[in-house]
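> Structure file start.pdb (PDB, C-alpha atoms and all ligand atoms) right here:
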ATOM      1  CA  MET A   1    -105.044  23.984  39.246
ATOM      2  CA  THR A   2    -107.904  25.984  37.740
ATOM      3  CA  ASP A   3    -107.408  29.611  36.739
ATOM      4  CA  ASP A   4    -109.857  30.545  39.520
ATOM      5  CA  LYS A   5    -107.523  29.059  42.145
ATOM      6  CA  GLU A   6    -104.386  30.593  40.663
ATOM      7  CA  ARG A   7    -105.954  33.987  40.031
ATOM      8  CA  PRO A   8    -108.777  34.372  42.563
ATOM      9  CA  LEU A   9    -109.062  38.109  41.885
ATOM     10  CA  LEU A  10    -109.398  37.863  38.109
ATOM     11  CA  GLY A  11    -111.901  40.439  36.817
ATOM     12  CA  GLN A  12    -111.617  42.592  39.942
ATOM     13  CA  THR A  13    -110.107  46.056  40.182
ATOM     14  CA  ALA A  14    -108.127  47.283  43.190
ATOM     15  CA  LEU A  15    -107.081  50.751  44.302
ATOM     16  CA  VAL A  16    -103.924  50.734  46.443
ATOM     17  CA  THR A  17    -103.158  54.061  48.098
ATOM     18  CA  GLY A  18     -99.488  54.856  48.647
ATOM     19  CA  GLY A  19     -98.898  52.067  46.155
ATOM     20  CA  ALA A  20     -95.718  53.270  44.459
ATOM     21  CA  LYS A  21     -93.181  52.075  47.026
ATOM     22  CA  ARG A  22     -92.466  49.845  49.996
ATOM     23  CA  LEU A  23     -95.494  47.927  51.390
ATOM     24  CA  GLY A  24     -98.008  49.469  48.968
ATOM     25  CA  ARG A  25     -95.897  48.336  46.027
ATOM     26  CA  ALA A  26     -95.677  44.759  47.357
ATOM     27  CA  ILE A  27     -99.450  44.724  47.886
ATOM     28  CA  ALA A  28    -100.126  46.001  44.344
ATOM     29  CA  LEU A  29     -97.848  43.308  42.876
ATOM     30  CA  THR A  30     -99.435  40.526  44.957
ATOM     31  CA  LEU A  31    -102.969  41.568  43.997
ATOM     32  CA  ALA A  32    -101.933  41.733  40.329
ATOM     33  CA  HIS A  33    -100.350  38.263  40.519
ATOM     34  CA  ALA A  34    -103.710  37.103  41.921
ATOM     35  CA  GLY A  35    -105.437  38.495  38.833
ATOM     36  CA  ALA A  36    -106.577  41.981  39.864
ATOM     37  CA  ASP A  37    -106.226  45.065  37.714
ATOM     38  CA  VAL A  38    -104.713  47.827  39.837
ATOM     39  CA  VAL A  39    -105.012  51.586  40.222
ATOM     40  CA  VAL A  40    -101.746  52.698  41.823
ATOM     41  CA  HIS A  41    -102.217  55.835  43.889
ATOM     42  CA  CYS A  42     -99.271  58.065  44.741
ATOM     43  CA  ARG A  43     -98.636  61.581  45.940
ATOM     44  CA  GLY A  44     -94.982  62.438  45.245
ATOM     45  CA  SER A  45     -93.657  59.149  43.821
ATOM     46  CA  LEU A  46     -95.060  59.524  40.309
ATOM     47  CA  THR A  47     -92.011  58.052  38.549
ATOM     48  CA  GLU A  48     -92.056  54.940  40.762
ATOM     49  CA  ALA A  49     -95.841  54.613  40.357
ATOM     50  CA  LYS A  50     -95.579  54.746  36.551
ATOM     51  CA  ALA A  51     -92.758  52.173  36.578
ATOM     52  CA  LEU A  52     -94.856  49.875  38.784
ATOM     53  CA  ALA A  53     -97.894  50.251  36.503
ATOM     54  CA  GLU A  54     -95.682  49.211  33.579
ATOM     55  CA  GLU A  55     -94.523  46.168  35.576
ATOM     56  CA  LEU A  56     -98.141  45.232  36.356
ATOM     57  CA  ARG A  57     -99.034  45.486  32.661
ATOM     58  CA  GLY A  58     -96.119  43.139  31.998
ATOM     59  CA  LEU A  59     -97.957  40.613  34.177
ATOM     60  CA  GLY A  60    -100.935  40.861  31.828
ATOM     61  CA  ARG A  61    -102.990  43.105  34.104
ATOM     62  CA  GLN A  62    -104.446  46.541  33.432
ATOM     63  CA  ALA A  63    -102.905  49.274  35.559
ATOM     64  CA  TRP A  64    -103.386  52.995  36.011
ATOM     65  CA  VAL A  65    -101.766  55.730  38.096
ATOM     66  CA  GLU A  66    -103.665  58.363  40.079
ATOM     67  CA  GLN A  67    -102.054  61.183  42.043
ATOM     68  CA  ALA A  68    -103.692  62.828  45.061
ATOM     69  CA  ASP A  69    -102.775  64.489  48.332
ATOM     70  CA  LEU A  70    -104.840  62.539  50.871
ATOM     71  CA  GLY A  71    -104.338  65.257  53.447
ATOM     72  CA  ASP A  72    -107.031  67.091  51.502
ATOM     73  CA  ALA A  73    -110.505  65.525  51.924
ATOM     74  CA  ALA A  74    -111.679  66.920  48.578
ATOM     75  CA  GLN A  75    -108.771  65.207  46.800
ATOM     76  CA  ALA A  76    -109.537  61.933  48.597
ATOM     77  CA  GLU A  77    -113.146  62.145  47.393
ATOM     78  CA  ALA A  78    -112.010  62.996  43.852
ATOM     79  CA  LEU A  79    -109.474  60.136  43.858
ATOM     80  CA  PHE A  80    -112.205  57.514  44.123
ATOM     81  CA  ALA A  81    -114.126  59.020  41.201
ATOM     82  CA  SER A  82    -111.060  59.363  38.978
ATOM     83  CA  ALA A  83    -109.880  55.824  39.820
ATOM     84  CA  CYS A  84    -113.301  54.505  38.745
ATOM     85  CA  ARG A  85    -113.144  56.560  35.543
ATOM     86  CA  SER A  86    -109.636  55.312  34.731
ATOM     87  CA  ALA A  87    -110.653  51.707  35.335
ATOM     88  CA  GLY A  88    -113.768  52.156  33.193
ATOM     89  CA  GLY A  89    -116.167  51.056  35.942
ATOM     90  CA  GLY A  90    -116.180  50.614  39.696
ATOM     91  CA  LEU A  91    -113.642  49.346  42.194
ATOM     92  CA  ASP A  92    -113.876  46.005  43.983
ATOM     93  CA  ILE A  93    -110.931  46.251  46.385
ATOM     94  CA  LEU A  94    -109.618  49.256  48.286
ATOM     95  CA  VAL A  95    -106.321  48.986  50.172
ATOM     96  CA  ASN A  96    -105.612  52.010  52.374
ATOM     97  CA  SER A  97    -101.829  51.878  52.741
ATOM     98  CA  ALA A  98    -100.771  55.541  52.373
ATOM     99  CA  SER A  99     -99.687  56.981  55.685
ATOM    100  CA  ILE A 100     -97.366  59.347  57.489
ATOM    101  CA  PHE A 101     -95.267  58.333  60.517
ATOM    102  CA  PRO A 102     -93.897  61.475  62.163
ATOM    103  CA  GLN A 103     -92.062  61.545  65.481
ATOM    104  CA  GLY A 104     -93.578  63.499  68.360
ATOM    105  CA  ARG A 105     -94.587  62.957  71.971
ATOM    106  CA  LEU A 106     -97.890  63.783  73.638
ATOM    107  CA  ASP A 107     -96.469  66.537  75.848
ATOM    108  CA  ASP A 108     -95.523  68.689  72.835
ATOM    109  CA  LEU A 109     -98.353  67.578  70.526
ATOM    110  CA  ASP A 110     -99.197  70.300  68.008
ATOM    111  CA  PRO A 111    -102.950  70.326  67.219
ATOM    112  CA  ALA A 112    -102.201  70.973  63.539
ATOM    113  CA  GLU A 113     -99.932  67.913  63.450
ATOM    114  CA  LEU A 114    -102.612  65.752  65.055
ATOM    115  CA  ASP A 115    -105.089  67.062  62.495
ATOM    116  CA  ARG A 116    -102.685  66.206  59.621
ATOM    117  CA  ASN A 117    -102.166  62.654  60.911
ATOM    118  CA  ILE A 118    -105.879  62.096  61.310
ATOM    119  CA  ARG A 119    -106.664  63.485  57.847
ATOM    120  CA  ILE A 120    -104.108  61.307  56.035
ATOM    121  CA  ASN A 121    -104.088  58.145  58.181
ATOM    122  CA  ALA A 122    -107.757  57.841  59.141
ATOM    123  CA  LEU A 123    -110.101  60.304  57.426
ATOM    124  CA  ALA A 124    -108.889  59.605  53.865
ATOM    125  CA  PRO A 125    -109.276  55.803  54.312
ATOM    126  CA  PHE A 126    -112.805  56.454  55.594
ATOM    127  CA  ILE A 127    -113.714  58.828  52.733
ATOM    128  CA  LEU A 128    -112.460  56.308  50.168
ATOM    129  CA  GLY A 129    -114.158  53.422  51.980
ATOM    130  CA  ARG A 130    -117.474  55.252  52.154
ATOM    131  CA  ALA A 131    -117.221  56.034  48.436
ATOM    132  CA  LEU A 132    -116.753  52.309  47.758
ATOM    133  CA  ALA A 133    -119.798  51.477  49.890
ATOM    134  CA  ARG A 134    -121.865  54.183  48.182
ATOM    135  CA  SER A 135    -120.969  52.802  44.753
ATOM    136  CA  ARG A 136    -123.304  49.885  45.593
ATOM    137  CA  ARG A 137    -121.120  47.411  43.742
ATOM    138  CA  GLY A 138    -120.002  45.523  46.840
ATOM    139  CA  GLY A 139    -116.358  44.732  47.444
ATOM    140  CA  CYS A 140    -113.812  44.828  50.208
ATOM    141  CA  ILE A 141    -111.623  47.280  52.060
ATOM    142  CA  VAL A 142    -108.326  46.516  53.790
ATOM    143  CA  ASN A 143    -106.890  49.181  56.099
ATOM    144  CA  LEU A 144    -103.225  49.169  57.095
ATOM    145  CA  LEU A 145    -102.949  49.642  60.864
ATOM    146  CA  ASP A 146     -99.878  49.093  63.067
ATOM    147  CA  SER A 147     -99.229  46.355  65.628
ATOM    148  CA  ARG A 148     -98.406  49.064  68.167
ATOM    149  CA  ILE A 149    -102.090  50.029  68.394
ATOM    150  CA  MET A 150    -102.126  47.270  71.039
ATOM    151  CA  ASP A 151     -99.725  49.090  73.364
ATOM    152  CA  HIS A 152     -98.324  52.577  73.773
ATOM    153  CA  ASP A 153     -96.173  54.256  71.100
ATOM    154  CA  ALA A 154     -94.953  57.281  73.047
ATOM    155  CA  GLU A 155     -92.597  58.514  70.289
ATOM    156  CA  HIS A 156     -95.308  58.781  67.614
ATOM    157  CA  ALA A 157     -98.280  60.146  69.530
ATOM    158  CA  ALA A 158    -100.237  61.704  66.646
ATOM    159  CA  TYR A 159     -99.634  58.683  64.401
ATOM    160  CA  HIS A 160    -100.669  56.320  67.199
ATOM    161  CA  LEU A 161    -103.906  58.233  67.794
ATOM    162  CA  SER A 162    -104.703  58.270  64.062
ATOM    163  CA  LYS A 163    -104.139  54.502  63.702
ATOM    164  CA  ARG A 164    -106.304  53.830  66.752
ATOM    165  CA  LEU A 165    -109.023  55.895  65.078
ATOM    166  CA  LEU A 166    -108.609  53.863  61.883
ATOM    167  CA  ALA A 167    -108.911  50.646  63.913
ATOM    168  CA  THR A 168    -112.231  51.876  65.308
ATOM    169  CA  LEU A 169    -113.358  53.002  61.863
ATOM    170  CA  THR A 170    -112.531  49.522  60.539
ATOM    171  CA  ARG A 171    -115.031  47.957  62.949
ATOM    172  CA  MET A 172    -117.646  50.670  62.387
ATOM    173  CA  MET A 173    -117.400  50.397  58.617
ATOM    174  CA  ALA A 174    -117.465  46.584  58.799
ATOM    175  CA  LEU A 175    -120.799  46.752  60.618
ATOM    176  CA  GLU A 176    -122.366  49.611  58.702
ATOM    177  CA  PHE A 177    -121.214  48.684  55.181
ATOM    178  CA  ALA A 178    -122.293  45.036  55.572
ATOM    179  CA  PRO A 179    -123.659  42.969  53.934
ATOM    180  CA  HIS A 180    -122.280  44.203  50.618
ATOM    181  CA  VAL A 181    -118.843  45.472  51.640
ATOM    182  CA  ARG A 182    -116.344  43.659  53.883
ATOM    183  CA  VAL A 183    -113.903  45.758  55.904
ATOM    184  CA  ASN A 184    -110.770  44.301  57.500
ATOM    185  CA  ALA A 185    -107.298  45.393  58.538
ATOM    186  CA  VAL A 186    -103.701  44.255  58.550
ATOM    187  CA  ALA A 187    -101.514  45.466  61.418
ATOM    188  CA  PRO A 188     -97.845  45.161  60.464
ATOM    189  CA  GLY A 189     -95.069  45.100  63.026
ATOM    190  CA  LEU A 190     -91.370  45.248  62.259
ATOM    191  CA  ILE A 191     -91.263  45.065  58.447
ATOM    192  CA  LEU A 192     -89.265  47.927  56.883
ATOM    193  CA  PRO A 193     -87.104  50.524  58.605
ATOM    194  CA  PRO A 194     -88.660  53.996  58.814
ATOM    195  CA  PRO A 195     -87.022  56.841  56.839
ATOM    196  CA  GLY A 196     -83.564  57.650  58.199
ATOM    197  CA  GLU A 197     -83.013  54.118  59.550
ATOM    198  CA  ASP A 198     -81.428  51.122  57.857
ATOM    199  CA  ASP A 199     -81.469  47.348  58.330
ATOM    200  CA  ALA A 200     -79.569  47.727  61.619
ATOM    201  CA  TYR A 201     -82.858  49.098  63.008
ATOM    202  CA  LEU A 202     -84.629  45.844  62.117
ATOM    203  CA  GLU A 203     -81.785  43.711  63.486
ATOM    204  CA  ARG A 204     -81.737  45.666  66.753
ATOM    205  CA  LEU A 205     -85.469  45.338  67.364
ATOM    206  CA  LYS A 206     -86.244  41.902  66.017
ATOM    207  CA  ARG A 207     -85.673  40.186  69.388
ATOM    208  CA  THR A 208     -88.578  42.181  70.820
ATOM    209  CA  ASN A 209     -90.811  39.860  68.752
ATOM    210  CA  PRO A 210     -91.702  36.411  70.111
ATOM    211  CA  LEU A 211     -90.617  34.943  66.750
ATOM    212  CA  GLU A 212     -87.253  36.807  67.069
ATOM    213  CA  ARG A 213     -87.242  37.943  63.446
ATOM    214  CA  HIS A 214     -88.613  40.772  61.365
ATOM    215  CA  GLY A 215     -91.056  40.364  58.498
ATOM    216  CA  GLY A 216     -90.927  41.423  54.867
ATOM    217  CA  PRO A 217     -93.353  43.301  52.589
ATOM    218  CA  ASP A 218     -94.622  40.018  51.117
ATOM    219  CA  ASP A 219     -95.773  38.855  54.575
ATOM    220  CA  VAL A 220     -98.043  41.902  54.707
ATOM    221  CA  ALA A 221     -99.154  41.545  51.080
ATOM    222  CA  ASP A 222    -100.081  37.882  51.646
ATOM    223  CA  ALA A 223    -102.341  38.890  54.558
ATOM    224  CA  VAL A 224    -104.015  41.544  52.383
ATOM    225  CA  LEU A 225    -104.594  38.934  49.677
ATOM    226  CA  PHE A 226    -106.095  36.512  52.206
ATOM    227  CA  LEU A 227    -108.566  39.188  53.329
ATOM    228  CA  ALA A 228    -109.354  40.235  49.753
ATOM    229  CA  ARG A 229    -110.348  36.694  48.808
ATOM    230  CA  SER A 230    -112.052  35.591  52.061
ATOM    231  CA  ALA A 231    -115.752  36.175  51.439
ATOM    232  CA  PHE A 232    -116.838  35.220  55.000
ATOM    233  CA  VAL A 233    -114.394  37.448  56.908
ATOM    234  CA  THR A 234    -115.193  40.987  58.005
ATOM    235  CA  GLY A 235    -114.265  43.246  60.935
ATOM    236  CA  GLN A 236    -111.025  41.325  61.394
ATOM    237  CA  THR A 237    -107.478  42.546  62.034
ATOM    238  CA  ILE A 238    -104.553  40.301  61.158
ATOM    239  CA  PHE A 239    -101.374  41.141  63.074
ATOM    240  CA  VAL A 240     -98.367  40.470  60.846
ATOM    241  CA  ASP A 241     -95.786  41.164  63.510
ATOM    242  CA  GLY A 242     -94.077  37.988  64.722
ATOM    243  CA  GLY A 243     -96.416  37.996  67.729
ATOM    244  CA  ARG A 244     -95.251  41.438  68.897
ATOM    245  CA  HIS A 245     -98.798  42.654  69.757
ATOM    246  CA  MET A 246     -98.999  40.129  72.625
ATOM    247  CA  ARG A 247     -96.141  41.832  74.493
ATOM    248  CA  GLY A 248     -96.079  45.114  76.421
ATOM    249  CA  ALA A 249     -94.396  48.338  75.322
ATOM    250  CA  VAL A 250     -90.849  47.101  74.746
ATOM    251  CA  TYR A 251     -89.896  49.308  71.789
ATOM    252  CA  GLY A 252     -86.967  51.637  72.368
TER     253      GLY A 252
HETATM  254  N1  LIG A 301     -93.208  49.698  57.114
HETATM  255  C1  LIG A 301     -93.522  49.087  58.251
HETATM  256  O1  LIG A 301     -92.720  48.325  58.814
HETATM  257  C2  LIG A 301     -94.874  49.319  58.876
HETATM  258  C3  LIG A 301     -95.081  48.963  60.199
HETATM  259  C4  LIG A 301     -96.324  49.185  60.780
HETATM  260  C5  LIG A 301     -97.359  49.738  60.032
HETATM  261  N2  LIG A 301     -97.136  50.064  58.722
HETATM  262  C6  LIG A 301     -98.256  50.651  57.967
HETATM  263  O2  LIG A 301     -98.329  50.023  56.680
HETATM  264  C7  LIG A 301     -98.633  50.995  55.668
HETATM  265  C8  LIG A 301     -97.560  50.986  54.605
HETATM  266  O3  LIG A 301     -96.291  51.207  55.232
HETATM  267  P1  LIG A 301     -95.070  51.865  54.423
HETATM  268  O4  LIG A 301     -93.897  51.807  55.303
HETATM  269  O5  LIG A 301     -95.036  51.296  53.049
HETATM  270  O6  LIG A 301     -95.610  53.386  54.334
HETATM  271  P2  LIG A 301     -94.758  54.696  53.973
HETATM  272  O7  LIG A 301     -93.622  54.308  53.083
HETATM  273  O8  LIG A 301     -94.437  55.446  55.214
HETATM  274  O9  LIG A 301     -95.848  55.550  53.181
HETATM  275  C9  LIG A 301     -96.540  55.010  52.073
HETATM  276  C10 LIG A 301     -96.922  56.103  51.125
HETATM  277  O10 LIG A 301     -97.846  56.993  51.723
HETATM  278  C11 LIG A 301     -97.946  58.078  50.829
HETATM  279  N3  LIG A 301     -98.364  59.315  51.468
HETATM  280  C12 LIG A 301     -97.797  59.976  52.516
HETATM  281  N4  LIG A 301     -98.434  61.151  52.721
HETATM  282  C13 LIG A 301     -99.422  61.230  51.796
HETATM  283  C14 LIG A 301    -100.422  62.200  51.481
HETATM  284  N5  LIG A 301    -100.541  63.362  52.133
HETATM  285  N6  LIG A 301    -101.259  61.936  50.448
HETATM  286  C15 LIG A 301    -101.155  60.793  49.753
HETATM  287  N7  LIG A 301    -100.236  59.844  49.987
HETATM  288  C16 LIG A 301     -99.372  60.069  50.995
HETATM  289  C17 LIG A 301     -96.549  58.250  50.192
HETATM  290  O11 LIG A 301     -96.748  58.284  48.791
HETATM  291  P3  LIG A 301     -95.701  59.046  47.798
HETATM  292  O12 LIG A 301     -94.382  58.359  48.014
HETATM  293  O13 LIG A 301     -96.278  58.825  46.466
HETATM  294  O14 LIG A 301     -95.690  60.494  48.227
HETATM  295  C18 LIG A 301     -95.799  57.022  50.676
HETATM  296  O15 LIG A 301     -95.010  56.422  49.674
HETATM  297  C19 LIG A 301     -98.782  52.337  56.390
HETATM  298  O16 LIG A 301    -100.152  52.585  56.623
HETATM  299  C20 LIG A 301     -98.031  52.135  57.701
HETATM  300  O17 LIG A 301     -98.532  52.926  58.748
HETATM  301  C21 LIG A 301     -95.923  49.876  58.136
END
Re-express the file's structure as structure tokens.

Amino acid sequence: MTDDKERPLLGQTALVTGGAKRLGRAIALTLAHAGADVVVHCRGSLTEAKALAEELRGLGRQAWVEQADLGDAAQAEALFASACRSAGGGLDILVNSASIFPQGRLDDLDPAELDRNIRINALAPFILGRALARSRRGGCIVNLLDSRIMDHDAEHAAYHLSKRLLATLTRMMALEFAPHVRVNAVAPGLILPPPGEDDAYLERLKRTNPLERHGGPDDVADAVLFLARSAFVTGQTIFVDGGRHMRGAVYG
């Protein structure tokens, strides 16, 4: 196999937001294995981000850590500039994985909470994506959505609204940033338990998926890699959810 086939992202630089842990970490590792140098963004998980950067360097890649609160639009804007400075040039790949997932129903929705969800889960990915498009270097953006954008997630109303907004932004950006920037999304289903839950959560819910199993972080990372290397794909969402998006609202 040629090096190009084994490392299709060689010479490219990726920024992975929320990259220190969980799905972001798996994505950063997969992109690095594919040859990309990686800027690992974190907010609170600085120790984990630094350890991951060290691991990426061990793979022969360059890696940097950038810290920013993406609830603050000015910090999101500054993150893109500092990531470019750290990497000594521009960015080729942006993966918007950082997110919050708070509980809360529509009937007691606090406007400030909706605003916070939109700022972190939708506005920051847009600000970073627009900065990539404005850099006029080309490249690709992958937004992390949620398979439940296809039905109704009553227990996470603000989150659900923010991910729906990000889904719409994915299509808008794909059209408006073409032809130089491709914009796609991955919509994970049952992958990792949310904070406060353990594997029993995954076991309990896995039968709600047509494939009757849950996924793992590498399933999501593989879909991100596919989109990063697929030069003729834009405006697409890949559901990595065992087919869950084809069913109605069956989550407990
Ligand atoms: N896990 C799943 O099964 C699943 C299912 C459906 C969709 N998704 C989507 O896939 C993506 C990754 O999922 P995940 O479970 O890995 O996410 P997660 O653990 O809930 O969050 C990822 C990271 O987001 C960062 N973050 C939170 N608030 C932030 C803020 N104000 N500013 C900057 N960063 C902030 C945190 O970074 P620090 O730790 O550094 O603070 C956190 O580690 C998310 O977009 C999620 O909605 C995941």
> Please list as a list of chain:residue names every residue within 8 Å of Asp92 of chain A, counting all atoms listed in the file and excluding residues in the same chain fewer than 2 positions away.
A:Gln12, A:Thr13, A:Ala14, A:Gly90, A:Leu94, A:Leu132, A:Arg137, A:Gly138, A:Gly139, A:Cys140
> Would you write out, as an NGL selection string, every residue that the PyMOL selection byres (((chain A and resi 102) around 10) and not hetatm) captures in this file?
:A and (99-101 or 103-105 or 113 or 117 or 155-160 or 194-195)
> Take the residues from that selection and write them out as a compact mmCIF listing (two decimals), in the frame of the given file, keeping C-alpha atoms.

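Result file follows (selection-v2.txt):
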# COMPACT_ATOMS: atom_id res chain seq x y z
CA SER A 99 -99.69 56.98 55.68
CA ILE A 100 -97.37 59.35 57.49
CA PHE A 101 -95.27 58.33 60.52
CA GLN A 103 -92.06 61.54 65.48
CA GLY A 104 -93.58 63.50 68.36
CA ARG A 105 -94.59 62.96 71.97
CA GLU A 113 -99.93 67.91 63.45
CA ASN A 117 -102.17 62.65 60.91
CA GLU A 155 -92.60 58.51 70.29
CA HIS A 156 -95.31 58.78 67.61
CA ALA A 157 -98.28 60.15 69.53
CA ALA A 158 -100.24 61.70 66.65
CA TYR A 159 -99.63 58.68 64.40
CA HIS A 160 -100.67 56.32 67.20
CA PRO A 194 -88.66 54.00 58.81
CA PRO A 195 -87.02 56.84 56.84
> Within 7 Å of (-95.0, 46.8, 58.2) in the file's own coordinates, which protein, DNA or RNA residues have an atom, counting all atoms listed in the file? List them as a ChimeraX atom specification.
/A:23,188-192,217,220
> Create the file for the chosen residues now, containing C-alpha atoms and written as a PDB file, in the frame of the given file.

ATOM      1  CA  LEU A  23     -95.494  47.927  51.390  1.00  0.00           C
ATOM      2  CA  PRO A 188     -97.845  45.161  60.464  1.00  0.00           C
ATOM      3  CA  GLY A 189     -95.069  45.100  63.026  1.00  0.00           C
ATOM      4  CA  LEU A 190     -91.370  45.248  62.259  1.00  0.00           C
ATOM      5  CA  ILE A 191     -91.263  45.065  58.447  1.00  0.00           C
ATOM      6  CA  LEU A 192     -89.265  47.927  56.883  1.00  0.00           C
ATOM      7  CA  PRO A 217     -93.353  43.301  52.589  1.00  0.00           C
ATOM      8  CA  VAL A 220     -98.043  41.902  54.707  1.00  0.00           C
TER       9      VAL A 220
END
> Sorted by chain and rising residue number, which residues of chain A lie within 6 Å of ligand LIG 301 (chain A), and what are their closest atom pairs and distances in Å to one decimal, counting only C-alpha atoms and all ligand atoms, as CSV?

residue,atom,partner,partner_atom,distance
A:Gly18,CA,A:LIG301,C10,3.8
A:Ala20,CA,A:LIG301,O13,5.9
A:Lys21,CA,A:LIG301,O15,5.4
A:Arg22,CA,A:LIG301,O5,4.2
A:Leu23,CA,A:LIG301,O5,3.8
A:Gly24,CA,A:LIG301,O5,5.4
A:Cys42,CA,A:LIG301,O13,3.5
A:Arg43,CA,A:LIG301,O13,3.7
A:Gly44,CA,A:LIG301,O14,3.6
A:Ser45,CA,A:LIG301,O13,3.7
A:Ala68,CA,A:LIG301,C15,5.7
A:Asp69,CA,A:LIG301,N6,3.6
A:Leu70,CA,A:LIG301,N6,3.7
A:Gly71,CA,A:LIG301,N5,4.4
A:Ser97,CA,A:LIG301,O16,4.3
A:Ala98,CA,A:LIG301,O10,3.3
A:Ser99,CA,A:LIG301,O10,4.4
A:Ile100,CA,A:LIG301,C12,5.0
A:Ile120,CA,A:LIG301,N5,5.7
A:Leu144,CA,A:LIG301,O16,4.6
A:Leu145,CA,A:LIG301,C6,5.6
A:Asp146,CA,A:LIG301,C5,4.0
A:Pro188,CA,A:LIG301,C4,4.3
A:Gly189,CA,A:LIG301,C3,4.8
A:Leu190,CA,A:LIG301,O1,4.8
A:Ile191,CA,A:LIG301,O1,3.6
A:Leu192,CA,A:LIG301,O1,4.0
> Compile the contact shell of Ser135 of chain A as a PDB file with C-alpha atoms, keeping the file's coordinate frame: residues with an atom at most 12 Å away, counting only C-alpha atoms, same-chain residues fewer than 5 positions apart removed.

ATOM      1  CA  PHE A  80    -112.205  57.514  44.123  1.00  0.00           C
ATOM      2  CA  ALA A  81    -114.126  59.020  41.201  1.00  0.00           C
ATOM      3  CA  CYS A  84    -113.301  54.505  38.745  1.00  0.00           C
ATOM      4  CA  GLY A  89    -116.167  51.056  35.942  1.00  0.00           C
ATOM      5  CA  GLY A  90    -116.180  50.614  39.696  1.00  0.00           C
ATOM      6  CA  LEU A  91    -113.642  49.346  42.194  1.00  0.00           C
ATOM      7  CA  ASP A  92    -113.876  46.005  43.983  1.00  0.00           C
ATOM      8  CA  LEU A 128    -112.460  56.308  50.168  1.00  0.00           C
ATOM      9  CA  GLY A 129    -114.158  53.422  51.980  1.00  0.00           C
ATOM     10  CA  ARG A 130    -117.474  55.252  52.154  1.00  0.00           C
ATOM     11  CA  PHE A 177    -121.214  48.684  55.181  1.00  0.00           C
ATOM     12  CA  HIS A 180    -122.280  44.203  50.618  1.00  0.00           C
ATOM     13  CA  VAL A 181    -118.843  45.472  51.640  1.00  0.00           C
TER      14      VAL A 181
END
> When you count only C-alpha atoms, which of these residues is closest to Met172 of chain A: A:Ile27, A:His214, A:Phe126, A:Asp199?
A:Phe126
> Compile the contact shell of Leu31 of chain A as an mmCIF file with C-alpha atoms, keeping the file's coordinate frame: residues with an atom at most 9 Å away, counting only C-alpha atoms, same-chain residues fewer than 6 positions apart removed.

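File written: result10.cif
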data_model
loop_
_atom_site.group_PDB
_atom_site.id
_atom_site.type_symbol
_atom_site.label_atom_id
_atom_site.label_comp_id
_atom_site.auth_asym_id
_atom_site.auth_seq_id
_atom_site.Cartn_x
_atom_site.Cartn_y
_atom_site.Cartn_z
ATOM 1 C CA LEU A 9 -109.062 38.109 41.885
ATOM 2 C CA ALA A 14 -108.127 47.283 43.190
ATOM 3 C CA ASP A 37 -106.226 45.065 37.714
ATOM 4 C CA VAL A 38 -104.713 47.827 39.837
ATOM 5 C CA ALA A 221 -99.154 41.545 51.080
ATOM 6 C CA ASP A 222 -100.081 37.882 51.646
ATOM 7 C CA VAL A 224 -104.015 41.544 52.383
ATOM 8 C CA LEU A 225 -104.594 38.934 49.677
ATOM 9 C CA ALA A 228 -109.354 40.235 49.753
#
> Which value, in Å to one decimal, gives the distance between atom CA of Ala174 of chain A and atom CA of Ile127 of chain A?
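Computing the Euclidean distance for atom CA of Ala174 of chain A and atom CA of Ile127 of chain A yields 14.2 Å.
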> So which one's closest to Ala87 of chain A, A:Arg136, A:Arg229, A:Arg244, A:Arg61? Using all atoms listed in the file, please.
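When distances to Ala87 of chain A are compared using all atoms listed in the file, the smallest one comes from A:Arg61.
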> The PyMOL selection byres (((chain A and resi 118) around 8) and not hetatm) - which residues does that actually catch in the file I just gave you? List them as an mmCIF file with C-alpha atoms, in the frame of the given file.

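Here's the written file result-v7.cif:
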data_model
loop_
_atom_site.group_PDB
_atom_site.id
_atom_site.type_symbol
_atom_site.label_atom_id
_atom_site.label_comp_id
_atom_site.auth_asym_id
_atom_site.auth_seq_id
_atom_site.Cartn_x
_atom_site.Cartn_y
_atom_site.Cartn_z
ATOM 1 C CA LEU A 114 -102.612 65.752 65.055
ATOM 2 C CA ASP A 115 -105.089 67.062 62.495
ATOM 3 C CA ARG A 116 -102.685 66.206 59.621
ATOM 4 C CA ASN A 117 -102.166 62.654 60.911
ATOM 5 C CA ARG A 119 -106.664 63.485 57.847
ATOM 6 C CA ILE A 120 -104.108 61.307 56.035
ATOM 7 C CA ASN A 121 -104.088 58.145 58.181
ATOM 8 C CA ALA A 122 -107.757 57.841 59.141
ATOM 9 C CA LEU A 123 -110.101 60.304 57.426
ATOM 10 C CA ALA A 158 -100.237 61.704 66.646
ATOM 11 C CA TYR A 159 -99.634 58.683 64.401
ATOM 12 C CA LEU A 161 -103.906 58.233 67.794
ATOM 13 C CA SER A 162 -104.703 58.270 64.062
ATOM 14 C CA LEU A 165 -109.023 55.895 65.078
#
> I need the residue nearest Glu77 of chain A from this list: A:Gly243, A:Gly35, A:Pro179, A:Pro125. Use all atoms listed in the file for the distance.
A:Pro125
